Amino acid sequence: MARLSQAELIAGLSRIVGAEHLSTTRPDRIAYSADFWPKAQIWKQGGDIERYPPDCVVWPADEAEVGKVLRFCHDHLIPIVPYGGGSGVCGGTIPIHGGVVVDVKRLSKVTAIDHASAVVTAEAGINGQHLEDRLNAAGFTLGHFPSSIMCSTLGGWLAARSAGQFSSRYGKIEDMVLSLRVVFPDGTVLDTSERGPGGPDWTQLVCGSEGTLGIITGAELKVNPLPEARRLRAFRFRHLEDGLRGARAVMQAGLRPMVLRLYDPFDSLIALGKDKSPQPSDRQSLLDGIRGLFSGAGATSEREGLLRRRLGPLTHTAKRAALVGALSAPAIVNRLAAAAPSPCLMIVGFEGPADAVHADAWSAGELLAEAGGVDAGAGPGEHWLAHRYDVSFKQSRIYDMGGFVDTMEVAATWDRLEGMYAAVRRAMTPLVFVMAHFSHAYREGCSIYFTFAGFRRDAARSEQLYDRVWRVATDAVVSAGGTVSHHHGVGLSKMNAMTQEHGHMLRVWRALKDVVDPHGVMNPGKLFPEAPHKAAEPDSSTVGVA
Amino acid sequence: MTRRLPPSPLDRHAQALALCTYCPSLCRHACPVATAESTDTTSPWGLVSLVEHLRKGRVELDDEVARHLYHCANCRACTEACVHDNDVEEVLVAARAWAVGQGVTPFPRSGFERAPLVLDDIRRVERFERRPAISLLPGRVALDSTPRVIDALLALCERLDIDAISCGEAAALDVGYDLWFAGFHTEFVAQARKVHAAISGAQELVVMSPEALYTLSHVYPRYGLGFEGALLHTSDLLLQLLGSAVVKRVDARVAYHDSCHLARHLDHVEVPRQVLRRVLSRPIVELASHGKETLCCGGTGCLGTTAPGTSRAQAEAVIAQCFEAGVDRVVSFSPECVDALRAVAPAGLRVDHAVSLVAEAIIGDSAAG
Amino acid sequence: MISPHTKPTSYLDELRRIVPTEQIEPQIDTADDGGAWAVEPATQIELVEVLKWANGRHAAVFTRRPRRHDADLLGRRPRIYLRGRRMKRVKDLDIVSGTVTVQSGITMSELHRILEERSFTTGFPTRPWRQESIGSVLAAALDAHWGPRYGSMEDQVLSLGVVFPDGSVAGGRGAPRKAVGPDFDRLFLGSRGRYGIIYEATLRIYPSATRVAMSYAAPDLTTALEAVRGGIALGLDPRAIELLTPAPDRAWGRKRVGLTDDRPVLVIVEPWGPLAGRPVAWIDNHFATTLERLEPPLGWNMHEGLLPAPRAWAEPVVGVRWARLLELAQQLGRDVPPGLWVVRMSRHGGWLSLASGVDGPSAEIVRALVQELRPAGPLPWERFEDGLKRELDPKDILNPTGT
Ligand SMILES: Cc1cc2nc3c(=O)[nH]c(=O)nc-3n(C[C@H](O)[C@H](O)[C@H](O)COP(=O)(O)OP(=O)(O)OC[C@H]3O[C@@H](n4cnc5c(N)ncnc54)[C@H](O)[C@@H]3O)c2cc1C
Ligand SMILES: Cc1cc2nc3c(=O)[nH]c(=O)nc-3n(C[C@H](O)[C@H](O)[C@H](O)COP(=O)(O)OP(=O)(O)OC[C@H]3O[C@@H](n4cnc5c(N)ncnc54)[C@H](O)[C@@H]3O)c2cc1C
Ligand code: SF4
Ligand code: SF4
């Protein structure tokens, strides 16, 4: 097939979406050259602001236009990168082979709210917070609160199997979705609601496909009445394993807390802001430096204020020095953290009908006390609730100072959880500063959310360190019998672990690809290691070719 | 790392620039422009990152790049949503000024300049005094599109026994918000000097346009041109006036649209509501986005000049909220908002300046405005 | 190497080299077909080898009982009928995580017996699935009026182990939730062995002790639905709520449970675990104010004698939202047809079906709704499913005649 020139591409796509909804401008190509994959942030630190710019960006108006854009690219072998909010943290929207970024944000309507059945129908490009606002106005909540709700979209959630902070009660997005509409590259629209009991479940085959099969254009989701009451409690555990035992007891008793989070000792130290252990003063300042950077998801406001006061007078340069000091010697800081005799903090909260909330909170309290938890009152939980988005804002500072920070959210059944926690820590502590909390608890297991930060002199070295950390960490997770992602997805960052994770099950993916995307145009080079289609090297004179 | 660059006037904003550049666009939902345009390029993250790339010399400044910097309503919704309170307005204004300094002006200056009005035009407005003790600054938009609101306001003052208030010659001058926003700061300062001279001597200045009031109260002082007397907004004045007045409350379901500059820049969330509560017999209908979280209707930030389609789409989004709230009447205290909303409001929805509503309650003149 | 003229006898010899003779049972052989054997692999390795052999010989491998026309359709291709009964090991009973990993050939009754010794149960009913293997139940995934208690059939599965037609093996033990691509297990649930053989499954298990059942009789559908809706609105977390009218030929069953002409609609409520903070008495009070309490209560999946056995149920089953359910109830008024059921009820709706052989205007109304909600015409994904079959089973080895 003859390759299209850039001009032919633009002309062809403009005919579909209209010239004003297509762009090749520099600012657009920069903005759409990456998502929030920390590695791309490192590139940015190093001055590389558009490593993989798309050939163009299009904004189709509706499903029909999406279908035509896809068909056009399918016919001309042009890579397509579906794009929602671009808030992914795995490189999923990076146009590594160039091609066309299809931003679906013009598909942003709430199509219907079925009050009697508590079901909402919405288009995929709607911003998460806008959807929640619309539902709230109608007396409902989706119950989906990822920390990126402000900058992510419904389609992106479904494409990457997102989880919100209240997932223990409301489930992950794949538990909320009743059906979805997806457009495949040949223009076929699949509406998965047309399914009776029995037969393979296409909703769940499309969910998590991260744009490698088709573009999701809309979905029907379960919604819930706005909660009448909410109650948060906190507990302290001497040992992590006691906390985990308590968490398991709560979930397996069938209680459905909206949130259940257990911080590891160091994360607790930061969350609680409590550190009475005598430390040599330089170490103390290292800890303070780290704490200043990460606090915000913290638990008690006055303590935070105190920290801020302590750190406040420091200049930017001094803060940077503290950070560099701390992150350059992660092993020492990690050991310090481990040595700090801090109890583990757990936050547990319930929402729903008032009397049920109080009864459930009481039952949970009994179970947690039995596991050795000491009641820490309502304060830490309420503080968490009020500040639960703050921590996302903290990353900027670390990058600004030349460091990097990332998170790894893994999951396993309860029996393997502690082993996995230890293995991952062992693998990572020599390289980066690590802390963790357990959240998103279920009857059978739980997810662990590791936050890690590192520092190297320049971007190239940072990138090397970054890759190395991910490699050792995912290896540790797989050997410990867990899954390498609970909700961030795979993108580019975890692709290498996918063969270990799925083994021969990847044949299903290859078969799916061959059937729905025979030309391999959908988000090539993402999610799973290369399918039989080999992506051609992008050619400078022509548009990237899948 | 890339510190070998010559110092830039934007370096002063290094911290703010870095915050947005590495931020995962956490105020994305709040930005009305990015929402109306369905893009991430003109989100606060997109715009401020672009400025950072310009500062670091990674992007060449040209008309196309500079044009993007004007896709902002200056509504401050980003700063309100940001945990760092990052001042996007300051960064973008500085960036535009820098671009103008480099001679890159995608929109000609004439689009932001307002020639002084002929005094006669203002005299048409009832009660004109050259140098009144209480000077009323209606602003260009009010004079152009809702002169009857000004009349109604002055009539209200009269009815309520305040007759020291009048439009002075300063009313003929534009305070220069557009020039300042668009980065033409030399011209802005020249204009500000004129305005400052024209208003000095007044004891009180009552300003109808929230963006003009913001310019006078927050921008002028930066150039040593702060007004010495008291600066009031129409809503402040009305609240004082209504204190003892006999009011025949209006029985209507009315929604109140907060102006961005009033609610966010000037922290006037409660005062306008107090005024409305005094004259309405039913509770004010709150729109889905209100108070400090108000949705910008696109009437400000020169959007009408630089991105008219976006501005319209924003106004339509506000109108959609009015319908969702089930009202057939919406009022605002900003002439700019009234103008923007009227431009798109369908027949079934009445858009009024709040002064008209007050006049209805006090004077019984329901046609005002 | 493969000669098209290989004799059935030599096929048997070849099979004997893979599995012991006692695990092979020749099926009635007709003159010119390629031979047919029931094979019972005892291990995963044997299963894999049988498939590899079948692939080489272009044999047909069935995971169901032989049918009369199998030979006609397949001509001279040899046929293997796999039986799972020797692959019935409980590989891991993890009471910490609340999961059990079993080989797919274990029967439902055997699995429940083993679990009951440890005071656990699965989400599946202990009857009427007794001799069915867990593999066959999952491969059919036709949960309807004898469906699982806690959510759907799919919800019971943490992960599957699958052997592909070419003998490659996939699957692990899984995590409670993942975000590592699509949920591939879903391709095998419900596809009746079209793409692969389920050799192992990890299922969720639940403590068996906490079982409370309540049942009520309602005069009409509206009253029954309102009571259920009220319960849900008040915070009762629906776990097992069913609503049904006995089939016309089940008058005896109807009398036995205490339903009358005045109150023909049965509502079964079986909450599980903490009752959203409410004592059982609270739930009972809620339902008993508008409905009539039945004694002794009927628990979930206790409708034997009220409805035909699931295997005899040929009518379509459709998902219905509350909005439509309420409308239906309005239309029906007091005239509720027998043999109607709504199961797996939740805040959003339930699954509806009507027995065959019921006539009358009210039955027609229900049928019209079922018809309306049923997907019409060929579904767009049927084309894709055929494509998947070609990709995963290019030689059409596995269950080739369709189901
Ligand atoms: C600060 C921060 C906090 C975060 N917190 C959470 C959290 O708490 N929970 C969580 O789950 N995630 C979290 N994330 C990750 C991210 O927000 C999620 O992965 C989210 O689901 C991505 O949505 P998006 O709309 O931004 O998708 P994008 O980043 O645009 O896309 C993600 C992937 O999906 C594909 N895609 C997008 N839209 C479509 C579509 N319509 N059809 C087909 N494919 C599509 C893309 O090609 C890409 O591969 C966080 C990210 C950040 C930056
Ligand atoms: C319309 C309808 C509704 C039904 N509803 C219900 C219900 O609500 N509740 C209920 O209990 N039963 C229901 N059934 C019956 C249910 O299908 C069977 O009970 C169940 O499938 C097991 O039956 P079996 O042992 O006869 O399996 P078989 O008929 O032998 O097998 C079932 C299917 O699974 C395949 N299969 C078997 N083992 C495997 C394996 N290891 N790997 C891959 N594929 C395999 C077979 O090839 C076959 O296609 C329903 C049946 C129908 C037709
Ligand atoms: S204003 Fe704040 S929230 Fe918005 S992009 Fe900048 S740093 Fe992020
Ligand atoms: S001021 Fe308003 S329009 Fe401008 S970037 Fe911020 S949110 Fe967007």
# chains A, B, ... in the order shown; residues from 1 in each chain; ligands from 1

$ select_by_dssp --residues "stretch 124-253 of chain C" --states "strand (DSSP E)" --output "number ranges by chain"
C: 157-163, 169-170, 197-207, 214-218, 241-244

$ residues_around --residues "A:Ser209" --least-positions-apart "5" --cutoff "7 Å" --atoms "only C-alpha atoms" --output "PyMOL selection string"
(chain A and resi 159-160) or (chain C and resi 181-182)

$ residues_near_ligand --ligand "ligand 2" --cutoff "7 Å" --atoms "only C-alpha atoms and all ligand atoms" --output "count of residues only"
38

$ residues_around --residues "A:Val324" --least-positions-apart "4" --cutoff "12 Å" --atoms "only C-alpha atoms" --output "mmCIF file with all heavy atoms, in the first residue's frame"
data_model
loop_
_atom_site.group_PDB
_atom_site.id
_atom_site.type_symbol
_atom_site.label_atom_id
_atom_site.label_comp_id
_atom_site.auth_asym_id
_atom_site.auth_seq_id
_atom_site.Cartn_x
_atom_site.Cartn_y
_atom_site.Cartn_z
ATOM 1 N N LEU A 286 17.533 14.550 57.038
ATOM 2 C CA LEU A 286 17.214 13.779 55.839
ATOM 3 C C LEU A 286 15.745 13.378 55.875
ATOM 4 O O LEU A 286 15.001 13.553 54.914
ATOM 5 C CB LEU A 286 18.047 12.501 55.775
ATOM 6 C CG LEU A 286 19.504 12.636 55.367
ATOM 7 C CD1 LEU A 286 20.130 11.254 55.256
ATOM 8 C CD2 LEU A 286 19.615 13.356 54.049
ATOM 9 N N GLY A 289 13.544 16.191 55.237
ATOM 10 C CA GLY A 289 13.532 16.569 53.827
ATOM 11 C C GLY A 289 12.557 15.721 53.046
ATOM 12 O O GLY A 289 11.707 16.224 52.322
ATOM 13 N N ILE A 290 12.659 14.419 53.255
ATOM 14 C CA ILE A 290 11.781 13.483 52.561
ATOM 15 C C ILE A 290 10.332 13.742 52.943
ATOM 16 O O ILE A 290 9.432 13.784 52.111
ATOM 17 C CB ILE A 290 12.144 12.044 52.964
ATOM 18 C CG1 ILE A 290 13.533 11.725 52.491
ATOM 19 C CG2 ILE A 290 11.105 11.080 52.459
ATOM 20 C CD1 ILE A 290 13.610 11.014 51.191
ATOM 21 N N LEU A 293 8.643 16.551 51.374
ATOM 22 C CA LEU A 293 8.274 16.337 49.978
ATOM 23 C C LEU A 293 7.046 15.482 49.819
ATOM 24 O O LEU A 293 6.279 15.630 48.883
ATOM 25 C CB LEU A 293 9.440 15.683 49.242
ATOM 26 C CG LEU A 293 10.602 16.628 48.996
ATOM 27 C CD1 LEU A 293 11.831 15.857 48.593
ATOM 28 C CD2 LEU A 293 10.235 17.626 47.917
ATOM 29 N N THR A 317 17.154 26.092 47.329
ATOM 30 C CA THR A 317 18.451 25.434 47.210
ATOM 31 C C THR A 317 18.682 24.489 48.383
ATOM 32 O O THR A 317 19.149 23.358 48.206
ATOM 33 C CB THR A 317 19.582 26.489 47.192
ATOM 34 O OG1 THR A 317 19.087 27.656 46.565
ATOM 35 C CG2 THR A 317 20.802 25.956 46.505
ATOM 36 N N ALA A 318 18.314 24.952 49.566
ATOM 37 C CA ALA A 318 18.529 24.103 50.736
ATOM 38 C C ALA A 318 17.638 22.870 50.669
ATOM 39 O O ALA A 318 18.055 21.759 50.992
ATOM 40 C CB ALA A 318 18.232 24.908 52.002
ATOM 41 N N LYS A 319 16.423 23.077 50.218
ATOM 42 C CA LYS A 319 15.516 21.937 50.107
ATOM 43 C C LYS A 319 16.064 20.948 49.095
ATOM 44 O O LYS A 319 16.005 19.744 49.278
ATOM 45 C CB LYS A 319 14.139 22.403 49.637
ATOM 46 C CG LYS A 319 13.279 22.978 50.736
ATOM 47 C CD LYS A 319 11.894 23.195 50.185
ATOM 48 C CE LYS A 319 11.157 24.279 50.949
ATOM 49 N NZ LYS A 319 10.012 24.768 50.235
ATOM 50 N N ARG A 320 16.580 21.507 48.018
ATOM 51 C CA ARG A 320 17.107 20.642 46.982
ATOM 52 C C ARG A 320 18.280 19.832 47.533
ATOM 53 O O ARG A 320 18.387 18.639 47.309
ATOM 54 C CB ARG A 320 17.560 21.478 45.778
ATOM 55 C CG ARG A 320 18.037 20.622 44.649
ATOM 56 C CD ARG A 320 18.152 21.404 43.346
ATOM 57 N NE ARG A 320 18.413 20.476 42.247
ATOM 58 C CZ ARG A 320 19.620 20.062 41.910
ATOM 59 N NH1 ARG A 320 20.674 20.453 42.591
ATOM 60 N NH2 ARG A 320 19.764 19.208 40.901
ATOM 61 N N SER A 328 20.189 10.383 47.226
ATOM 62 C CA SER A 328 21.425 9.823 46.704
ATOM 63 C C SER A 328 21.880 8.633 47.529
ATOM 64 O O SER A 328 22.681 7.833 47.091
ATOM 65 C CB SER A 328 22.533 10.867 46.694
ATOM 66 O OG SER A 328 22.093 11.994 46.005
ATOM 67 N N ALA A 329 21.406 8.557 48.732
ATOM 68 C CA ALA A 329 21.786 7.432 49.584
ATOM 69 C C ALA A 329 20.541 6.691 50.030
ATOM 70 O O ALA A 329 20.227 6.630 51.212
ATOM 71 C CB ALA A 329 22.563 7.938 50.796
ATOM 72 N N PRO A 330 19.796 6.137 49.079
ATOM 73 C CA PRO A 330 18.500 5.552 49.434
ATOM 74 C C PRO A 330 18.612 4.431 50.453
ATOM 75 O O PRO A 330 17.757 4.291 51.320
ATOM 76 C CB PRO A 330 17.950 5.055 48.104
ATOM 77 C CG PRO A 330 19.118 4.925 47.194
ATOM 78 C CD PRO A 330 20.088 5.950 47.646
ATOM 79 N N VAL A 333 18.654 5.888 53.943
ATOM 80 C CA VAL A 333 17.364 6.457 54.336
ATOM 81 C C VAL A 333 16.335 5.343 54.537
ATOM 82 O O VAL A 333 15.566 5.362 55.488
ATOM 83 C CB VAL A 333 16.865 7.468 53.282
ATOM 84 C CG1 VAL A 333 15.579 8.120 53.753
ATOM 85 C CG2 VAL A 333 17.915 8.518 53.040
ATOM 86 N N ILE A 398 9.432 17.492 43.373
ATOM 87 C CA ILE A 398 10.556 16.564 43.286
ATOM 88 C C ILE A 398 11.218 16.654 41.909
ATOM 89 O O ILE A 398 12.433 16.715 41.795
ATOM 90 C CB ILE A 398 10.075 15.131 43.608
ATOM 91 C CG1 ILE A 398 9.588 15.104 45.054
ATOM 92 C CG2 ILE A 398 11.195 14.129 43.387
ATOM 93 C CD1 ILE A 398 8.994 13.813 45.503
ATOM 94 N N TYR A 399 10.389 16.719 40.869
ATOM 95 C CA TYR A 399 10.961 16.851 39.524
ATOM 96 C C TYR A 399 11.692 18.169 39.378
ATOM 97 O O TYR A 399 12.748 18.251 38.762
ATOM 98 C CB TYR A 399 9.868 16.738 38.462
ATOM 99 C CG TYR A 399 9.418 15.321 38.256
ATOM 100 C CD1 TYR A 399 8.203 14.869 38.748
ATOM 101 C CD2 TYR A 399 10.228 14.423 37.572
ATOM 102 C CE1 TYR A 399 7.798 13.571 38.565
ATOM 103 C CE2 TYR A 399 9.836 13.111 37.389
ATOM 104 C CZ TYR A 399 8.617 12.691 37.884
ATOM 105 O OH TYR A 399 8.228 11.403 37.708
ATOM 106 N N ASP A 400 11.095 19.190 39.956
ATOM 107 C CA ASP A 400 11.686 20.513 39.863
ATOM 108 C C ASP A 400 13.097 20.500 40.439
ATOM 109 O O ASP A 400 13.979 21.209 39.993
ATOM 110 C CB ASP A 400 10.789 21.501 40.618
ATOM 111 C CG ASP A 400 11.305 22.919 40.530
ATOM 112 O OD1 ASP A 400 11.999 23.223 39.544
ATOM 113 O OD2 ASP A 400 11.018 23.703 41.446
ATOM 114 N N MET A 401 13.296 19.658 41.451
ATOM 115 C CA MET A 401 14.608 19.623 42.086
ATOM 116 C C MET A 401 15.523 18.599 41.439
ATOM 117 O O MET A 401 16.610 18.328 41.925
ATOM 118 C CB MET A 401 14.430 19.307 43.569
ATOM 119 C CG MET A 401 13.684 20.410 44.287
ATOM 120 S SD MET A 401 13.360 19.965 45.974
ATOM 121 C CE MET A 401 12.274 21.289 46.455
ATOM 122 N N GLY A 402 15.046 17.990 40.371
ATOM 123 C CA GLY A 402 15.923 17.084 39.635
ATOM 124 C C GLY A 402 15.763 15.622 39.986
ATOM 125 O O GLY A 402 16.455 14.778 39.434
ATOM 126 N N GLY A 403 14.864 15.309 40.917
ATOM 127 C CA GLY A 403 14.641 13.903 41.255
ATOM 128 C C GLY A 403 13.488 13.356 40.448
ATOM 129 O O GLY A 403 12.892 14.059 39.648
ATOM 130 N N PHE A 404 13.198 12.076 40.635
ATOM 131 C CA PHE A 404 11.992 11.535 40.029
ATOM 132 C C PHE A 404 11.211 10.766 41.076
ATOM 133 O O PHE A 404 11.757 10.346 42.097
ATOM 134 C CB PHE A 404 12.298 10.649 38.816
ATOM 135 C CG PHE A 404 13.030 9.368 39.127
ATOM 136 C CD1 PHE A 404 12.356 8.257 39.620
ATOM 137 C CD2 PHE A 404 14.398 9.270 38.913
ATOM 138 C CE1 PHE A 404 13.033 7.076 39.907
ATOM 139 C CE2 PHE A 404 15.088 8.097 39.193
ATOM 140 C CZ PHE A 404 14.398 6.994 39.691
ATOM 141 N N VAL A 432 16.391 3.145 45.415
ATOM 142 C CA VAL A 432 15.542 4.327 45.562
ATOM 143 C C VAL A 432 14.948 4.359 46.967
ATOM 144 O O VAL A 432 14.946 3.355 47.668
ATOM 145 C CB VAL A 432 14.354 4.299 44.553
ATOM 146 C CG1 VAL A 432 14.812 4.676 43.162
ATOM 147 C CG2 VAL A 432 13.662 2.962 44.565
ATOM 148 N N PHE A 433 14.449 5.508 47.284
ATOM 149 C CA PHE A 433 13.743 5.619 48.553
ATOM 150 C C PHE A 433 12.312 5.081 48.369
ATOM 151 O O PHE A 433 11.637 5.453 47.418
ATOM 152 C CB PHE A 433 13.729 7.078 48.991
ATOM 153 C CG PHE A 433 12.807 7.287 50.122
ATOM 154 C CD1 PHE A 433 13.139 6.802 51.369
ATOM 155 C CD2 PHE A 433 11.578 7.893 49.934
ATOM 156 C CE1 PHE A 433 12.261 6.934 52.415
ATOM 157 C CE2 PHE A 433 10.699 8.028 50.978
ATOM 158 C CZ PHE A 433 11.049 7.537 52.228
ATOM 159 N N ALA A 453 11.175 7.236 45.160
ATOM 160 C CA ALA A 453 11.784 8.440 44.616
ATOM 161 C C ALA A 453 13.277 8.207 44.475
ATOM 162 O O ALA A 453 13.892 7.539 45.306
ATOM 163 C CB ALA A 453 11.524 9.625 45.533
ATOM 164 N N GLY A 454 13.819 8.737 43.428
ATOM 165 C CA GLY A 454 15.245 8.553 43.194
ATOM 166 C C GLY A 454 15.870 9.822 42.656
ATOM 167 O O GLY A 454 15.179 10.785 42.299
ATOM 168 N N PHE A 455 17.182 9.800 42.611
ATOM 169 C CA PHE A 455 17.888 10.984 42.113
ATOM 170 C C PHE A 455 19.188 10.567 41.449
ATOM 171 O O PHE A 455 19.888 9.694 41.947
ATOM 172 C CB PHE A 455 18.194 11.948 43.266
ATOM 173 C CG PHE A 455 18.963 13.148 42.821
ATOM 174 C CD1 PHE A 455 18.303 14.245 42.299
ATOM 175 C CD2 PHE A 455 20.361 13.149 42.886
ATOM 176 C CE1 PHE A 455 19.022 15.342 41.848
ATOM 177 C CE2 PHE A 455 21.081 14.253 42.444
ATOM 178 C CZ PHE A 455 20.407 15.353 41.926
ATOM 179 N N ARG A 456 19.477 11.150 40.318
ATOM 180 C CA ARG A 456 20.786 11.009 39.685
ATOM 181 C C ARG A 456 21.176 12.362 39.133
ATOM 182 O O ARG A 456 20.329 13.237 38.950
ATOM 183 C CB ARG A 456 20.758 9.980 38.560
ATOM 184 C CG ARG A 456 20.758 8.533 39.005
ATOM 185 C CD ARG A 456 22.083 8.147 39.658
ATOM 186 N NE ARG A 456 22.117 6.739 40.031
ATOM 187 C CZ ARG A 456 21.740 6.248 41.209
ATOM 188 N NH1 ARG A 456 21.255 7.059 42.130
ATOM 189 N NH2 ARG A 456 21.831 4.957 41.468
ATOM 190 N N ARG A 457 22.436 12.486 38.821
ATOM 191 C CA ARG A 457 22.961 13.789 38.435
ATOM 192 C C ARG A 457 22.294 14.375 37.194
ATOM 193 O O ARG A 457 22.076 15.563 37.080
ATOM 194 C CB ARG A 457 24.467 13.714 38.221
ATOM 195 C CG ARG A 457 25.235 14.463 39.272
ATOM 196 C CD ARG A 457 26.726 14.386 39.035
ATOM 197 N NE ARG A 457 27.186 13.014 38.818
ATOM 198 C CZ ARG A 457 27.972 12.676 37.797
ATOM 199 N NH1 ARG A 457 28.300 13.572 36.894
ATOM 200 N NH2 ARG A 457 28.411 11.433 37.668
#

$ residues_around --residues "B:Arg58" --least-positions-apart "6" --cutoff "10 Å" --atoms "only C-alpha atoms" --output "list of chain:residue names"
A:Gly47, A:Asp48, A:Ile49, A:Glu50, B:Leu50, B:Val51, B:Glu52

$ residues_around --residues "C:Leu326" --least-positions-apart "6" --cutoff "12 Å" --atoms "only C-alpha atoms" --output "number ranges by chain"
A: 116-117; C: 220-229, 320, 332-333, 348-350
